[in-house]
>>> print(open('work.cif').read())   # mmCIF, C-alpha atoms
data_upload
loop_
_atom_site.label_atom_id
_atom_site.label_comp_id
_atom_site.auth_asym_id
_atom_site.auth_seq_id
_atom_site.Cartn_x
_atom_site.Cartn_y
_atom_site.Cartn_z
CA MET Y 1 0.02 33.88 9.04
CA ALA Y 2 0.35 30.72 11.16
CA THR Y 3 -1.32 28.63 8.48
CA SER Y 4 1.09 30.03 5.87
CA VAL Y 5 4.08 29.07 8.00
CA LEU Y 6 2.65 25.57 8.51
CA HIS Y 7 2.04 25.28 4.76
CA VAL Y 8 5.65 26.19 3.99
CA ALA Y 9 6.86 23.67 6.58
CA ALA Y 10 4.66 20.94 5.10
CA LEU Y 11 6.02 21.65 1.61
CA ALA Y 12 9.59 21.49 2.92
CA ASN Y 13 8.89 18.16 4.63
CA ALA Y 14 7.27 16.80 1.48
CA LEU Y 15 10.23 17.83 -0.66
CA ALA Y 16 12.62 16.20 1.83
CA ALA Y 17 10.62 12.96 1.63
CA ALA Y 18 10.62 13.11 -2.17
CA SER Y 19 14.42 13.47 -2.16
CA ARG Y 20 14.41 10.00 -0.57
CA GLN Y 21 12.29 8.66 -3.45
CA LEU Y 22 8.98 8.73 -1.57
CA ALA Y 23 6.09 9.95 -3.74
CA VAL Y 24 4.02 12.59 -1.93
CA ILE Y 25 0.79 14.59 -2.06
CA PRO Y 26 -0.43 17.56 0.05
CA LEU Y 27 -2.96 16.79 2.80
CA SER Y 28 -5.53 18.94 4.56
CA ARG Y 29 -6.12 19.06 8.33
CA THR Y 30 -8.54 16.15 7.93
CA LYS Y 31 -5.76 13.92 6.50
CA LEU Y 32 -7.54 13.87 3.14
CA PRO Y 33 -5.85 14.86 -0.14
CA ALA Y 34 -5.89 18.66 -0.22
CA VAL Y 35 -6.12 19.32 -3.96
CA ARG Y 36 -9.76 19.48 -5.02
CA SER Y 37 -10.97 17.11 -7.72
CA PRO Y 38 -11.36 18.67 -11.17
CA HIS Y 39 -14.44 16.46 -11.59
CA ARG Y 40 -16.38 17.65 -8.55
CA GLY Y 41 -19.96 18.43 -9.51
CA ASP Y 42 -19.79 16.49 -12.78
CA SER Y 43 -22.98 14.68 -13.70
CA PRO Y 44 -22.88 11.80 -14.18
CA PRO Y 45 -19.92 11.29 -11.79
CA VAL Y 46 -16.60 10.79 -13.55
CA ARG Y 47 -14.31 7.94 -12.51
CA CYS Y 48 -10.83 9.19 -13.32
CA LEU Y 49 -7.49 8.25 -11.79
CA GLY Y 50 -5.59 11.07 -13.44
CA GLU Y 51 -6.02 10.06 -17.06
CA CYS Y 52 -7.41 13.55 -17.78
CA GLY Y 53 -3.99 15.04 -17.12
CA ARG Y 54 -5.18 17.43 -14.41
CA ILE Y 55 -4.33 17.34 -10.70
CA GLY Y 56 -6.81 16.54 -7.96
CA HIS Y 57 -6.92 12.73 -8.05
CA GLY Y 58 -5.75 11.99 -4.53
CA VAL Y 59 -2.97 9.48 -4.17
CA HIS Y 60 -2.77 9.17 -7.95
CA ASP Y 61 -1.17 12.64 -7.97
CA ALA Y 62 1.72 11.39 -5.84
CA THR Y 63 5.11 12.30 -7.25
CA THR Y 64 8.78 12.69 -6.38
CA GLU Y 65 9.32 15.56 -8.86
CA PRO Y 66 10.05 18.80 -6.93
CA ASP Y 67 8.37 21.13 -9.45
CA ALA Y 68 5.24 18.95 -9.54
CA ILE Y 69 5.13 18.87 -5.73
CA ARG Y 70 5.38 22.67 -5.57
CA ALA Y 71 2.52 22.90 -8.08
CA LEU Y 72 0.36 20.57 -5.98
CA PHE Y 73 0.97 22.62 -2.83
CA ALA Y 74 0.36 25.87 -4.71
CA ALA Y 75 -3.06 24.52 -5.73
CA ALA Y 76 -3.89 23.81 -2.07
CA PRO Y 77 -2.52 26.67 0.08
CA TRP Y 78 -4.52 25.29 3.03
CA ALA Y 79 -2.44 22.08 3.06
CA ILE Y 80 -0.41 21.70 6.27
CA GLY Y 81 0.52 18.05 5.90
CA TYR Y 82 1.60 15.57 3.28
CA GLY Y 83 0.89 11.98 2.43
CA ILE Y 84 3.35 9.31 1.28
CA ALA Y 85 2.02 6.90 -1.35
CA CYS Y 86 2.46 3.20 -0.59
CA GLY Y 87 3.32 0.37 -2.96
CA LEU Y 88 5.39 2.42 -5.41
CA PRO Y 89 9.00 1.69 -6.43
CA PRO Y 90 11.72 1.86 -5.29
CA HIS Y 91 10.54 1.36 -1.67
CA HIS Y 92 7.29 -0.61 -2.33
CA LEU Y 93 6.19 0.82 1.00
CA ILE Y 94 3.73 -1.08 3.23
CA GLY Y 95 2.39 0.68 6.30
CA LEU Y 96 0.85 -0.81 9.43
CA ASP Y 97 -1.30 1.66 11.36
CA LEU Y 98 -1.39 0.43 14.97
CA ASP Y 99 -4.33 2.19 16.61
CA VAL Y 100 -5.06 2.54 20.33
CA LYS Y 101 -8.50 4.17 20.17
CA HIS Y 102 -11.93 2.83 21.12
CA GLY Y 103 -10.56 0.05 23.29
CA LEU Y 104 -8.28 -1.29 20.55
CA ASP Y 105 -4.55 -1.88 20.92
CA GLY Y 106 -2.92 -2.48 17.56
CA THR Y 107 0.53 -2.93 19.09
CA ALA Y 108 -0.71 -5.76 21.32
CA THR Y 109 -2.53 -7.31 18.35
CA LEU Y 110 0.62 -7.25 16.23
CA THR Y 111 2.66 -8.80 19.05
CA ALA Y 112 0.12 -11.59 19.46
CA THR Y 113 -0.08 -12.12 15.69
CA ALA Y 114 3.71 -12.37 15.44
CA SER Y 115 3.76 -14.96 18.23
CA THR Y 116 0.97 -17.00 16.68
CA HIS Y 117 2.44 -17.03 13.18
CA GLY Y 118 6.09 -17.34 14.15
CA PHE Y 119 7.72 -14.14 12.97
CA THR Y 120 9.59 -11.28 14.61
CA VAL Y 121 8.59 -7.67 13.99
CA PRO Y 122 11.83 -5.97 12.91
CA ASP Y 123 12.95 -2.55 14.07
CA THR Y 124 11.89 -0.19 11.30
CA VAL Y 125 10.84 3.37 10.48
CA THR Y 126 8.22 4.37 13.06
CA VAL Y 127 5.96 7.42 13.07
CA LEU Y 128 4.01 8.41 16.20
CA THR Y 129 0.39 9.46 15.64
CA PRO Y 130 -1.53 12.12 17.64
CA SER Y 131 -3.87 9.48 19.10
CA GLY Y 132 -0.99 7.60 20.74
CA GLY Y 133 -0.70 4.96 18.03
CA ARG Y 134 2.10 4.43 15.58
CA HIS Y 135 2.77 3.72 11.94
CA LEU Y 136 5.33 1.04 11.08
CA TRP Y 137 6.89 1.25 7.61
CA PHE Y 138 8.06 -1.86 5.76
CA THR Y 139 9.64 -2.51 2.39
CA GLY Y 140 7.62 -4.97 0.31
CA PRO Y 141 8.86 -7.18 -2.53
CA ALA Y 142 8.55 -5.89 -6.07
CA GLY Y 143 5.74 -7.56 -7.99
CA THR Y 144 3.57 -8.23 -4.93
CA THR Y 145 0.42 -6.16 -4.44
CA VAL Y 146 -0.61 -5.63 -0.83
CA PRO Y 147 -4.24 -4.48 -0.61
CA ASN Y 148 -5.06 -1.28 1.20
CA SER Y 149 -7.30 -2.36 4.10
CA VAL Y 150 -8.44 1.04 5.41
CA GLY Y 151 -12.21 1.17 5.54
CA ARG Y 152 -12.61 -2.44 4.41
CA ALA Y 153 -13.68 -4.81 7.18
CA GLY Y 154 -11.98 -8.19 7.38
CA THR Y 155 -8.90 -7.24 5.33
CA ALA Y 156 -6.54 -6.33 8.17
CA PRO Y 157 -4.49 -8.83 10.23
CA GLY Y 158 -6.37 -8.09 13.44
CA PRO Y 159 -8.29 -5.52 15.52
CA GLY Y 160 -6.53 -2.19 15.85
CA ILE Y 161 -4.40 -2.69 12.72
CA ASP Y 162 -5.02 -1.01 9.38
CA VAL Y 163 -2.87 -1.72 6.34
CA ARG Y 164 -1.71 0.97 3.97
CA GLY Y 165 -0.86 -0.81 0.75
CA SER Y 166 -1.41 -0.27 -2.94
CA GLY Y 167 -3.72 2.70 -3.45
CA GLY Y 168 -3.17 3.97 0.09
CA TYR Y 169 -0.95 6.53 1.72
CA LEU Y 170 0.64 7.30 5.09
CA VAL Y 171 0.57 10.68 6.79
CA GLY Y 172 4.14 11.92 6.66
CA PRO Y 173 6.08 12.85 9.83
CA GLY Y 174 5.86 16.56 10.56
CA SER Y 175 2.30 16.81 9.22
CA ILE Y 176 -0.34 18.66 11.28
CA THR Y 177 -3.93 17.45 11.41
CA ASN Y 178 -7.03 18.29 13.44
CA ALA Y 179 -5.90 15.63 15.92
CA GLY Y 180 -2.34 16.93 16.25
CA ARG Y 181 1.12 16.40 14.79
CA TYR Y 182 2.68 13.23 13.35
CA LEU Y 183 6.27 12.78 14.51
CA LEU Y 184 9.14 10.46 13.72
CA ALA Y 185 9.66 8.29 16.80
CA PRO Y 186 12.83 8.92 18.84
CA HIS Y 187 15.64 6.62 17.68
CA SER Y 188 13.56 5.48 14.69
CA PRO Y 189 15.73 3.81 12.04
CA ALA Y 190 16.18 5.73 8.80
CA LEU Y 191 15.15 4.60 5.34
CA PRO Y 192 15.19 2.10 3.80
CA ALA Y 193 12.46 0.56 5.93
CA ALA Y 194 12.93 -3.02 7.13
CA ARG Y 195 11.80 -5.75 4.77
CA VAL Y 196 8.36 -7.07 5.67
CA PRO Y 197 8.64 -10.56 7.25
CA ASP Y 198 7.49 -13.27 4.83
CA ARG Y 199 4.90 -14.67 7.23
CA LEU Y 200 3.46 -11.23 7.88
CA LEU Y 201 3.32 -10.61 4.13
CA ARG Y 202 1.19 -13.72 3.73
CA LEU Y 203 -1.33 -12.29 6.16
CA LEU Y 204 -1.39 -9.01 4.22
CA THR Y 205 -1.97 -10.65 0.82
CA PRO Y 206 -5.10 -12.79 1.26
CA PRO Y 207 -6.64 -14.57 -1.73
CA PRO Y 208 -9.04 -12.38 -3.71
CA PRO Y 209 -12.70 -12.56 -2.71
CA SER Y 210 -13.74 -14.37 -5.88
CA THR Y 211 -11.84 -17.66 -6.07
CA PRO Y 212 -12.30 -20.85 -8.10
CA HIS Y 213 -14.62 -23.50 -6.70
CA ARG Y 214 -12.91 -25.41 -3.89
CA GLY Y 215 -12.95 -28.67 -5.82
CA THR Y 216 -11.17 -27.18 -8.84
CA ALA Y 217 -8.95 -24.60 -7.11
CA GLN Y 218 -5.81 -26.70 -7.59
CA HIS Y 219 -6.55 -27.70 -11.20
CA PRO Y 220 -3.97 -26.04 -13.49
CA LEU Y 221 -6.50 -25.02 -16.15
CA ALA Y 222 -8.77 -23.51 -13.50
CA LEU Y 223 -5.89 -21.41 -12.15
CA VAL Y 224 -5.02 -20.12 -15.63
CA GLN Y 225 -8.65 -19.26 -16.33
CA PHE Y 226 -8.89 -17.55 -12.95
CA VAL Y 227 -6.07 -15.21 -13.99
CA ARG Y 228 -7.58 -14.67 -17.45
CA ASP Y 229 -10.83 -13.51 -15.84
CA SER Y 230 -9.10 -10.90 -13.65
CA PRO Y 231 -10.87 -7.54 -13.58
CA GLN Y 232 -8.74 -4.40 -13.57
CA GLY Y 233 -7.51 -3.74 -10.06
CA GLN Y 234 -7.24 -7.46 -9.20
CA ARG Y 235 -4.83 -8.64 -11.89
CA ASN Y 236 -1.69 -8.79 -9.77
CA THR Y 237 -3.51 -10.07 -6.69
CA ARG Y 238 -5.21 -12.89 -8.63
CA LEU Y 239 -1.95 -13.83 -10.35
CA TYR Y 240 -0.12 -13.99 -7.03
CA TRP Y 241 -2.85 -16.17 -5.48
CA ALA Y 242 -2.97 -18.53 -8.46
CA ALA Y 243 0.82 -18.86 -8.59
CA CYS Y 244 0.94 -19.68 -4.87
CA ARG Y 245 -1.64 -22.44 -5.38
CA ALA Y 246 0.27 -23.77 -8.39
CA TYR Y 247 3.55 -24.03 -6.46
CA GLU Y 248 1.82 -25.54 -3.45
CA SER Y 249 0.38 -28.28 -5.68
CA GLY Y 250 3.71 -28.94 -7.42
CA HIS Y 251 2.73 -27.40 -10.78
CA GLY Y 252 4.40 -24.01 -10.32
CA ASP Y 253 7.35 -24.21 -12.73
CA THR Y 254 5.29 -26.03 -15.36
CA LEU Y 255 2.37 -23.61 -15.12
CA ALA Y 256 4.36 -20.36 -14.85
CA PRO Y 257 4.54 -19.63 -18.63
CA ALA Y 258 0.78 -20.13 -19.02
CA LEU Y 259 0.09 -17.89 -16.02
CA ILE Y 260 2.33 -15.18 -17.48
CA ASP Y 261 0.51 -15.44 -20.82
CA ALA Y 262 -2.86 -15.23 -19.04
CA ALA Y 263 -1.76 -12.18 -17.02
CA ALA Y 264 -0.36 -10.49 -20.14
CA GLY Y 265 -3.73 -11.04 -21.80
CA THR Y 266 -5.34 -8.92 -19.08
CA GLY Y 267 -2.91 -6.07 -19.70
CA LEU Y 268 -0.36 -6.81 -16.96
CA PRO Y 269 3.22 -6.28 -18.26
CA ARG Y 270 5.01 -9.61 -18.75
CA GLN Y 271 8.01 -8.49 -16.68
CA GLU Y 272 5.72 -7.55 -13.78
CA ALA Y 273 3.85 -10.86 -14.10
CA ALA Y 274 7.12 -12.81 -14.01
CA ALA Y 275 8.22 -10.91 -10.88
CA THR Y 276 4.90 -11.66 -9.18
CA ILE Y 277 5.21 -15.38 -9.94
CA ALA Y 278 8.80 -15.42 -8.65
CA SER Y 279 7.59 -13.79 -5.43
CA ALA Y 280 4.81 -16.36 -5.10
CA ALA Y 281 7.31 -19.18 -5.59
CA ARG Y 282 9.49 -17.88 -2.75
CA HIS Y 283 6.58 -17.56 -0.34
CA ALA Y 284 4.82 -20.79 -1.26
CA GLN Y 285 8.00 -22.85 -0.95
CA SER Y 286 9.18 -21.39 2.37
CA PRO Y 287 8.19 -23.25 5.54
CA LEU Y 288 4.97 -22.19 7.26
#
>>> encode(input="work.cif", output="structure tokens")
Amino acid sequence: MATSVLHVAALANALAAASRQLAVIPLSRTKLPAVRSPHRGDSPPVRCLGECGRIGHGVHDATTEPDAIRALFAAAPWAIGYGIACGLPPHHLIGLDLDVKHGLDGTATLTATASTHGFTVPDTVTVLTPSGGRHLWFTGPAGTTVPNSVGRAGTAPGPGIDVRGSGGYLVGPGSITNAGRYLLAPHSPALPAARVPDRLLRLLTPPPPSTPHRGTAQHPLALVQFVRDSPQGQRNTRLYWAACRAYESGHGDTLAPALIDAAAGTGLPRQEAAATIASAARHAQSPL
């Protein structure tokens, strides 16, 4: 009976979040997506992000449609929490998970990082975690892909900080997990979340791991080819990196059409590519 009440509460919280244009999924007590994969047990393993049309693809199921949310929760009656997908319009949500476990202090790390890089952490939506940490929500710019750092060493801004970006999700306030309940912090601002500071955004969007040779990195043709060679999943990140380098070297406006053509050749929509280049131009031309 208690689990049923918690399930109903989680569904109500998820629907409330969706009414604010936050795409949601049901979560289990372990904070993992609650709907089981339709491909479990398949041999060979199937890599599917929802193209099959069935539910059970984790964050790729995230939606703001009330009927679809009810269907997701009905498929996972054990769900007593919900996740909020990051990186999706209209909020383009970026989450910073400031941990305080195992001798780490993410809040202190963020304060030191802000001091070192010359930005102020704005007051924004804050969710308290059962471990004593907190999640800070930020609004990111459209057209900029922030990688999801969870579980990937070396991709976060510092010890005790995990980044929830594209492909990631945040545990929604009101959710219950094995560790306890997630709660909106007292006096937390409401949505929309504060815009992510430009200098923090730079730290969250590092260049992709495979970059042109150092001696040719600024050569316009090398940058265009770098974008043309983008594998799926790195198209926007590579385009952003290449556009930043182009503007830093003074070739940005001249090279922009070729970069858009190169990105379009990889399957990235031209409008999205143009927005990414515009974002890169703003960041590359602002003072460090």
>>> resolve_selection(input="work.cif", expression="the PyMOL selection byres ((chain Y and resi 275-282) around 8)", output="list in words")
Pro141, Ala142, Gly143, Thr144, Asn236, Leu239, Tyr240, Trp241, Ala243, Cys244, Tyr247, Gly252, Ala256, Gln271, Glu272, Ala273, Ala274, His283, Ala284, Gln285 and Ser286 of chain Y
>>> resolve_selection(input="work.cif", expression="the PyMOL selection byres ((chain Y and resi 72) around 8)", output="short mmCIF file (atom, residue, chain, number, x, y, z; two decimals) with C-alpha atoms, keeping the file's coordinate frame")
data_model
loop_
_atom_site.label_atom_id
_atom_site.label_comp_id
_atom_site.auth_asym_id
_atom_site.auth_seq_id
_atom_site.Cartn_x
_atom_site.Cartn_y
_atom_site.Cartn_z
CA ILE Y 25 0.79 14.59 -2.06
CA PRO Y 26 -0.43 17.56 0.05
CA VAL Y 35 -6.12 19.32 -3.96
CA ILE Y 55 -4.33 17.34 -10.70
CA ALA Y 68 5.24 18.95 -9.54
CA ILE Y 69 5.13 18.87 -5.73
CA ARG Y 70 5.38 22.67 -5.57
CA ALA Y 71 2.52 22.90 -8.08
CA PHE Y 73 0.97 22.62 -2.83
CA ALA Y 74 0.36 25.87 -4.71
CA ALA Y 75 -3.06 24.52 -5.73
CA ALA Y 76 -3.89 23.81 -2.07
#
>>> residues_around(input="work.cif", residues="segment 182-196 of chain Y", least_positions_apart="5", cutoff="7 Å", atoms="only C-alpha atoms", output="list of chain:residue names")
Y:Pro122, Y:Asp123, Y:Thr124, Y:Val125, Y:Thr126, Y:Val127, Y:Leu128, Y:Thr129, Y:Pro130, Y:Trp137, Y:Phe138, Y:Thr139, Y:Gly140, Y:Gly172, Y:Pro173, Y:Gly174, Y:Ser175, Y:Ile176, Y:Leu201
>>> atom_distance(input="work.cif", atom1="atom CA of Leu104 of chain Y", atom2="atom CA of Leu204 of chain Y")
19.3 Å
>>> atom_distance(input="work.cif", atom1="atom CA of Asn148 of chain Y", atom2="atom CA of Leu170 of chain Y")
11.0 Å
>>> closest_residue(input="work.cif", among="Y:Ala258, Y:Ala34, Y:Pro159, Y:Ile80", to="Gly103 of chain Y", atoms="only C-alpha atoms")
Y:Pro159
>>> closest_residue(input="work.cif", among="Y:Arg29, Y:His39, Y:Arg47, Y:His102", to="Gly83 of chain Y", atoms="all atoms listed in the file")
Y:Arg29
>>> resolve_selection(input="work.cif", expression="the PyMOL selection byres ((chain Y and resi 9) around 12)", output="PyMOL selection string")
chain Y and resi 2-8+10-16+26+73+77+79-82+173-176
>>> atom_distance(input="work.cif", atom1="atom CA of Thr64 of chain Y", atom2="atom CA of Pro33 of chain Y")
16.1 Å
>>> closest_residue(input="work.cif", among="Y:Pro45, Y:Pro220, Y:Gly106, Y:Pro231", to="Glu248 of chain Y", atoms="all atoms listed in the file")
Y:Pro220
>>> residues_around(input="work.cif", residues="Gly133 of chain Y", least_positions_apart="2", cutoff="6 Å", atoms="all atoms listed in the file", output="VMD selection string")
chain Y and resid 98 to 100 129 131
>>> residues_around(input="work.cif", residues="Gln21 of chain Y", least_positions_apart="6", cutoff="10 Å", atoms="only C-alpha atoms", output="list in words")
Leu15, Thr63, Thr64, Glu65, Leu88, Pro89, Pro90 and His91 of chain Y
>>> write_last_selection(input="work.cif", atoms="C-alpha atoms", output="mmCIF file, keeping the file's coordinate frame")
data_model
loop_
_atom_site.group_PDB
_atom_site.id
_atom_site.type_symbol
_atom_site.label_atom_id
_atom_site.label_comp_id
_atom_site.auth_asym_id
_atom_site.auth_seq_id
_atom_site.Cartn_x
_atom_site.Cartn_y
_atom_site.Cartn_z
ATOM 1 C CA LEU Y 15 10.230 17.830 -0.660
ATOM 2 C CA THR Y 63 5.110 12.300 -7.250
ATOM 3 C CA THR Y 64 8.780 12.690 -6.380
ATOM 4 C CA GLU Y 65 9.320 15.560 -8.860
ATOM 5 C CA LEU Y 88 5.390 2.420 -5.410
ATOM 6 C CA PRO Y 89 9.000 1.690 -6.430
ATOM 7 C CA PRO Y 90 11.720 1.860 -5.290
ATOM 8 C CA HIS Y 91 10.540 1.360 -1.670
#
>>> closest_residue(input="work.cif", among="Y:Gly56, Y:Thr145, Y:Arg235, Y:Ser19", to="Arg36 of chain Y", atoms="only C-alpha atoms")
Y:Gly56
>>> residues_near_point(input="work.cif", point="(-2.1, -6.8, -19.7)", cutoff="12 Å", atoms="all atoms listed in the file", output="MDAnalysis selection string")
chainID Y and resid 227:236 239 259:273
>>> write_last_selection(input="work.cif", atoms="C-alpha atoms", output="PDB file, in the frame of the given file")
ATOM      1  CA  VAL Y 227      -6.070 -15.210 -13.990  1.00  0.00           C
ATOM      2  CA  ARG Y 228      -7.580 -14.670 -17.450  1.00  0.00           C
ATOM      3  CA  ASP Y 229     -10.830 -13.510 -15.840  1.00  0.00           C
ATOM      4  CA  SER Y 230      -9.100 -10.900 -13.650  1.00  0.00           C
ATOM      5  CA  PRO Y 231     -10.870  -7.540 -13.580  1.00  0.00           C
ATOM      6  CA  GLN Y 232      -8.740  -4.400 -13.570  1.00  0.00           C
ATOM      7  CA  GLY Y 233      -7.510  -3.740 -10.060  1.00  0.00           C
ATOM      8  CA  GLN Y 234      -7.240  -7.460  -9.200  1.00  0.00           C
ATOM      9  CA  ARG Y 235      -4.830  -8.640 -11.890  1.00  0.00           C
ATOM     10  CA  ASN Y 236      -1.690  -8.790  -9.770  1.00  0.00           C
ATOM     11  CA  LEU Y 239      -1.950 -13.830 -10.350  1.00  0.00           C
ATOM     12  CA  LEU Y 259       0.090 -17.890 -16.020  1.00  0.00           C
ATOM     13  CA  ILE Y 260       2.330 -15.180 -17.480  1.00  0.00           C
ATOM     14  CA  ASP Y 261       0.510 -15.440 -20.820  1.00  0.00           C
ATOM     15  CA  ALA Y 262      -2.860 -15.230 -19.040  1.00  0.00           C
ATOM     16  CA  ALA Y 263      -1.760 -12.180 -17.020  1.00  0.00           C
ATOM     17  CA  ALA Y 264      -0.360 -10.490 -20.140  1.00  0.00           C
ATOM     18  CA  GLY Y 265      -3.730 -11.040 -21.800  1.00  0.00           C
ATOM     19  CA  THR Y 266      -5.340  -8.920 -19.080  1.00  0.00           C
ATOM     20  CA  GLY Y 267      -2.910  -6.070 -19.700  1.00  0.00           C
ATOM     21  CA  LEU Y 268      -0.360  -6.810 -16.960  1.00  0.00           C
ATOM     22  CA  PRO Y 269       3.220  -6.280 -18.260  1.00  0.00           C
ATOM     23  CA  ARG Y 270       5.010  -9.610 -18.750  1.00  0.00           C
ATOM     24  CA  GLN Y 271       8.010  -8.490 -16.680  1.00  0.00           C
ATOM     25  CA  GLU Y 272       5.720  -7.550 -13.780  1.00  0.00           C
ATOM     26  CA  ALA Y 273       3.850 -10.860 -14.100  1.00  0.00           C
TER      27      ALA Y 273
END
>>> axis_aligned_box(input="work.cif", around="segment 169-186 of chain Y", padding_each_side="4 Å", output="JSON")
{"center_x": 2.9, "center_y": 12.6, "center_z": 10.3, "size_x": 27.9, "size_y": 20.1, "size_z": 25.1}
>>> build_atoms(input="work.cif", residues="segment 65-77 of chain Y", atoms="N, CA and C atoms", output="PDB file, in the frame of the given file")
ATOM      1  N   GLU Y  65       8.761  14.440  -8.094  1.00  0.00           N
ATOM      2  CA  GLU Y  65       9.320  15.560  -8.860  1.00  0.00           C
ATOM      3  C   GLU Y  65       9.114  16.877  -8.095  1.00  0.00           C
ATOM      4  N   PRO Y  66      10.188  17.581  -7.736  1.00  0.00           N
ATOM      5  CA  PRO Y  66      10.050  18.800  -6.930  1.00  0.00           C
ATOM      6  C   PRO Y  66       9.115  19.844  -7.539  1.00  0.00           C
ATOM      7  N   ASP Y  67       9.223  20.106  -8.845  1.00  0.00           N
ATOM      8  CA  ASP Y  67       8.370  21.130  -9.450  1.00  0.00           C
ATOM      9  C   ASP Y  67       6.900  20.717  -9.390  1.00  0.00           C
ATOM     10  N   ALA Y  68       6.623  19.427  -9.601  1.00  0.00           N
ATOM     11  CA  ALA Y  68       5.240  18.950  -9.540  1.00  0.00           C
ATOM     12  C   ALA Y  68       4.702  19.032  -8.113  1.00  0.00           C
ATOM     13  N   ILE Y  69       5.552  18.769  -7.138  1.00  0.00           N
ATOM     14  CA  ILE Y  69       5.130  18.870  -5.730  1.00  0.00           C
ATOM     15  C   ILE Y  69       4.806  20.320  -5.387  1.00  0.00           C
ATOM     16  N   ARG Y  70       5.648  21.244  -5.834  1.00  0.00           N
ATOM     17  CA  ARG Y  70       5.380  22.670  -5.570  1.00  0.00           C
ATOM     18  C   ARG Y  70       4.062  23.091  -6.222  1.00  0.00           C
ATOM     19  N   ALA Y  71       3.773  22.570  -7.405  1.00  0.00           N
ATOM     20  CA  ALA Y  71       2.520  22.900  -8.080  1.00  0.00           C
ATOM     21  C   ALA Y  71       1.317  22.362  -7.311  1.00  0.00           C
ATOM     22  N   LEU Y  72       1.447  21.152  -6.771  1.00  0.00           N
ATOM     23  CA  LEU Y  72       0.360  20.570  -5.980  1.00  0.00           C
ATOM     24  C   LEU Y  72       0.086  21.412  -4.733  1.00  0.00           C
ATOM     25  N   PHE Y  73       1.140  21.811  -4.046  1.00  0.00           N
ATOM     26  CA  PHE Y  73       0.970  22.620  -2.830  1.00  0.00           C
ATOM     27  C   PHE Y  73       0.447  24.015  -3.168  1.00  0.00           C
ATOM     28  N   ALA Y  74       0.864  24.558  -4.311  1.00  0.00           N
ATOM     29  CA  ALA Y  74       0.360  25.870  -4.710  1.00  0.00           C
ATOM     30  C   ALA Y  74      -1.137  25.828  -4.987  1.00  0.00           C
ATOM     31  N   ALA Y  75      -1.628  24.671  -5.451  1.00  0.00           N
ATOM     32  CA  ALA Y  75      -3.060  24.520  -5.730  1.00  0.00           C
ATOM     33  C   ALA Y  75      -3.871  24.308  -4.461  1.00  0.00           C
ATOM     34  N   ALA Y  76      -3.196  24.056  -3.345  1.00  0.00           N
ATOM     35  CA  ALA Y  76      -3.890  23.810  -2.070  1.00  0.00           C
ATOM     36  C   ALA Y  76      -3.166  24.558  -0.961  1.00  0.00           C
ATOM     37  N   PRO Y  77      -3.267  25.893  -0.925  1.00  0.00           N
ATOM     38  CA  PRO Y  77      -2.520  26.670   0.080  1.00  0.00           C
ATOM     39  C   PRO Y  77      -2.956  26.385   1.513  1.00  0.00           C
TER      40      PRO Y  77
END
